[in-house]
Amino acid sequence: MNHTSQNVTTQDFVLAIDFGGTKIAIATADSEGQILEQARLETRAVLGAQQILERTLMNAQALIAQTMMVRGGQCVSVGVATPGVVREKEILLSPNIPGWEQVALCETMRMGLKIPVVAVENDVKAAALAEVHWGALQRANPALFLSLGTGVAAAIVVDGRVLSGAHGAAGEIGYNLRSVSDHSGAAQGRAPLEEFVGGRFIGERASDLLGEPLSAAEAFAHPDARVQDLVQETLAELAFHIANVSILLDPARVAVGGGLMNSGALILRALASRLALAVPFPPELVPAKFLDDASLYGAIALALRAVQHTDARVHTGS
């Protein structure tokens with residue numbers, strides 16, 4: 001997909017930043033979304049938000065300088081993907097980084113990098129945008145992107161746009177109630193579905209079952225029948241919720257990404273069976289294209305879209 005515009009030279013490029021719970025990915029990319037230079041940092045979340053921002057800005061500036069030295073041109077926009085619900089002066093529902101909720105991320109990036117065009121989005125929504133532009137959700141309308149990793153979340157795509165919702169929280173299915181007997185939820189800081197089907201919690205439940213530390217990936221591959229029963233129960237729960245979302249949305253296609261897709265065949269089989277049973281018009285079910293670096297490519301898509309929209313405003317005089 002060509003994102004070049006009349007105001008951007010062929011040497012110009014964008015910067016993408018993906019803030020994660022354990023790592024920060026930074027990259028520059030050309031107008032076609034191809035990565036030019038990239039770097040990775042440890043998040044060191046327990047040390048707080050300020051050091052994350054300082055180290056990210058320092059490394060981003062170095063990456064911009066390196067890209068300019070190699071190819072010329074300038075960095076014309078920045079795209080940022082982050083966990084949580086992004087607001088102008090805060091980030092909500094992002095408990096894994098102390099102090100992150102008080103970060104005005106867009107303004108911090110704009111001032112720290114001296115680049116006026118900055119777009120910030122939730123990481124799962126950003127990943128869905130990458131799938132819309134270059135991946136498994138091209139020409140699918142409407143569509144659903146499902147991210148299965150440490151946590152679980154979805155993004156809804158309508159007319160090529162990722163639905164934000166009234167508060168920026170559309171697709172936060174980790175907060176789904178699991179039954180009518182659930183008496184705690186978002187109001188108590190709980191995410192009932194995520195606490196059952198999220199990768200971290202699969203690993204914890206499997207570890208408790210066997211009395212030894214197991215990750216979710218190890219649980220999926222474990223030969224013990226009790227662990228396999230736990231995995232099947234978890235996938236049945238997940239499939240139940242995705243079927244209900246599909247009944248509501250009637251998507252043309254569902255793309256599944258995230259770290260748990262290392263066990264993709266097992267996951268897709270469970271989902272497909274329930275979708276075929278429950279949904280009047282079952283959607284096409286596919287693995288996401290970007291199983292690695294999905295949110296980074298999403299940040300690239302955000303940056304390209306942002307500069308494109310800026311140029312459109314200039315051209316129309318608005």
# chains A, B, ... in the order shown; residues from 1 in each chain; ligands from 1

call {"tool": "residues_around", "arguments": {"residues": "Leu291 (chain A)", "least_positions_apart": "3", "cutoff": "9 Å", "atoms": "only C-alpha atoms", "output": "MDAnalysis selection string"}}
result
chainID A and resid 256:259 261:262 287:288 294

call {"tool": "write_last_selection", "arguments": {"atoms": "all heavy atoms", "output": "CSV table (one decimal), in the first residue's frame"}}
result
chain,number,residue,atom,x,y,z
A,256,VAL,N,-6.4,-14.1,14.0
A,256,VAL,CA,-5.9,-14.3,15.4
A,256,VAL,C,-4.4,-14.2,15.4
A,256,VAL,O,-3.7,-14.8,14.7
A,256,VAL,CB,-6.3,-15.8,15.8
A,256,VAL,CG1,-6.0,-15.9,17.3
A,256,VAL,CG2,-7.8,-16.0,15.5
A,257,GLY,N,-3.9,-13.3,16.3
A,257,GLY,CA,-2.5,-13.1,16.5
A,257,GLY,C,-2.1,-13.2,18.0
A,257,GLY,O,-2.9,-13.6,18.8
A,258,GLY,N,-0.9,-12.8,18.3
A,258,GLY,CA,-0.4,-12.8,19.7
A,258,GLY,C,0.4,-14.0,20.0
A,258,GLY,O,0.5,-15.0,19.2
A,259,GLY,N,1.1,-14.0,21.1
A,259,GLY,CA,2.1,-15.0,21.4
A,259,GLY,C,1.6,-16.4,21.6
A,259,GLY,O,2.4,-17.3,21.3
A,261,MET,N,-0.3,-17.8,19.6
A,261,MET,CA,-0.4,-18.5,18.3
A,261,MET,C,0.8,-19.4,18.0
A,261,MET,O,0.8,-19.9,16.9
A,261,MET,CB,-0.6,-17.4,17.3
A,261,MET,CG,-2.1,-16.9,17.2
A,261,MET,SD,-3.3,-18.2,16.8
A,261,MET,CE,-3.0,-18.4,15.1
A,262,ASN,N,1.8,-19.5,18.9
A,262,ASN,CA,2.7,-20.6,18.7
A,262,ASN,C,2.1,-21.9,18.7
A,262,ASN,O,2.6,-22.9,18.2
A,262,ASN,CB,3.8,-20.5,19.8
A,262,ASN,CG,4.7,-19.3,19.6
A,262,ASN,OD1,5.0,-18.9,18.5
A,262,ASN,ND2,5.2,-18.7,20.7
A,287,PRO,N,-5.0,-17.1,10.6
A,287,PRO,CA,-3.9,-16.6,11.5
A,287,PRO,C,-3.5,-15.2,11.0
A,287,PRO,O,-3.6,-14.9,9.8
A,287,PRO,CB,-2.8,-17.6,11.3
A,287,PRO,CG,-3.0,-18.2,10.0
A,287,PRO,CD,-4.4,-18.2,9.8
A,288,ALA,N,-3.2,-14.3,12.0
A,288,ALA,CA,-2.7,-13.0,11.6
A,288,ALA,C,-1.4,-13.1,10.8
A,288,ALA,O,-0.6,-14.1,11.0
A,288,ALA,CB,-2.5,-12.2,12.8
A,294,ALA,N,3.8,-7.4,15.8
A,294,ALA,CA,2.5,-6.9,15.2
A,294,ALA,C,2.3,-5.4,15.6
A,294,ALA,O,1.9,-4.6,14.8
A,294,ALA,CB,1.4,-7.8,15.8

call {"tool": "select_by_dssp", "arguments": {"residues": "region 71-176 of chain A", "states": "strand (DSSP E or B)", "output": "PyMOL selection string"}}
result
chain A and resi 75-82+85-86+91-92+118-122+143-148+152-158+161-162

call {"tool": "closest_residue", "arguments": {"among": "A:Met58, A:Ile247, A:Ile24, A:Leu238", "to": "Glu42 (chain A)", "atoms": "only C-alpha atoms"}}
result
A:Ile24

call {"tool": "residues_around", "arguments": {"residues": "Asn176 (chain A)", "least_positions_apart": "3", "cutoff": "8 Å", "atoms": "only C-alpha atoms", "output": "list in words"}}
result
Glu172, Ile173, Ala191, Pro192 and Leu193 of chain A

call {"tool": "write_last_selection", "arguments": {"atoms": "C-alpha atoms", "output": "mmCIF file, in the first residue's frame"}}
result
data_model
loop_
_atom_site.group_PDB
_atom_site.id
_atom_site.type_symbol
_atom_site.label_atom_id
_atom_site.label_comp_id
_atom_site.auth_asym_id
_atom_site.auth_seq_id
_atom_site.Cartn_x
_atom_site.Cartn_y
_atom_site.Cartn_z
ATOM 1 C CA GLU A 172 -11.453 -4.949 25.599
ATOM 2 C CA ILE A 173 -12.994 -8.416 25.807
ATOM 3 C CA ALA A 191 -10.845 -8.777 34.035
ATOM 4 C CA PRO A 192 -12.785 -12.069 34.345
ATOM 5 C CA LEU A 193 -12.172 -13.493 30.877
#

call {"tool": "closest_atom_pairs", "arguments": {"of": "region 11-98 of chain A", "to": "region 120-141 of chain A", "cutoff": "8 Å", "atoms": "only C-alpha atoms", "output": "tab-separated table"}}
result
residue	atom	partner	partner_atom	distance
A:Asp18	CA	A:Asp123	CA	7.4
A:Gly79	CA	A:Val120	CA	5.9
A:Val80	CA	A:Val120	CA	4.6
A:Ala81	CA	A:Asp123	CA	4.6
A:Thr82	CA	A:Asp123	CA	4.8
A:Pro83	CA	A:Asp123	CA	5.4
A:Gly84	CA	A:Asn122	CA	5.8
A:Val85	CA	A:Asn122	CA	6.0
A:Val86	CA	A:Glu121	CA	6.3
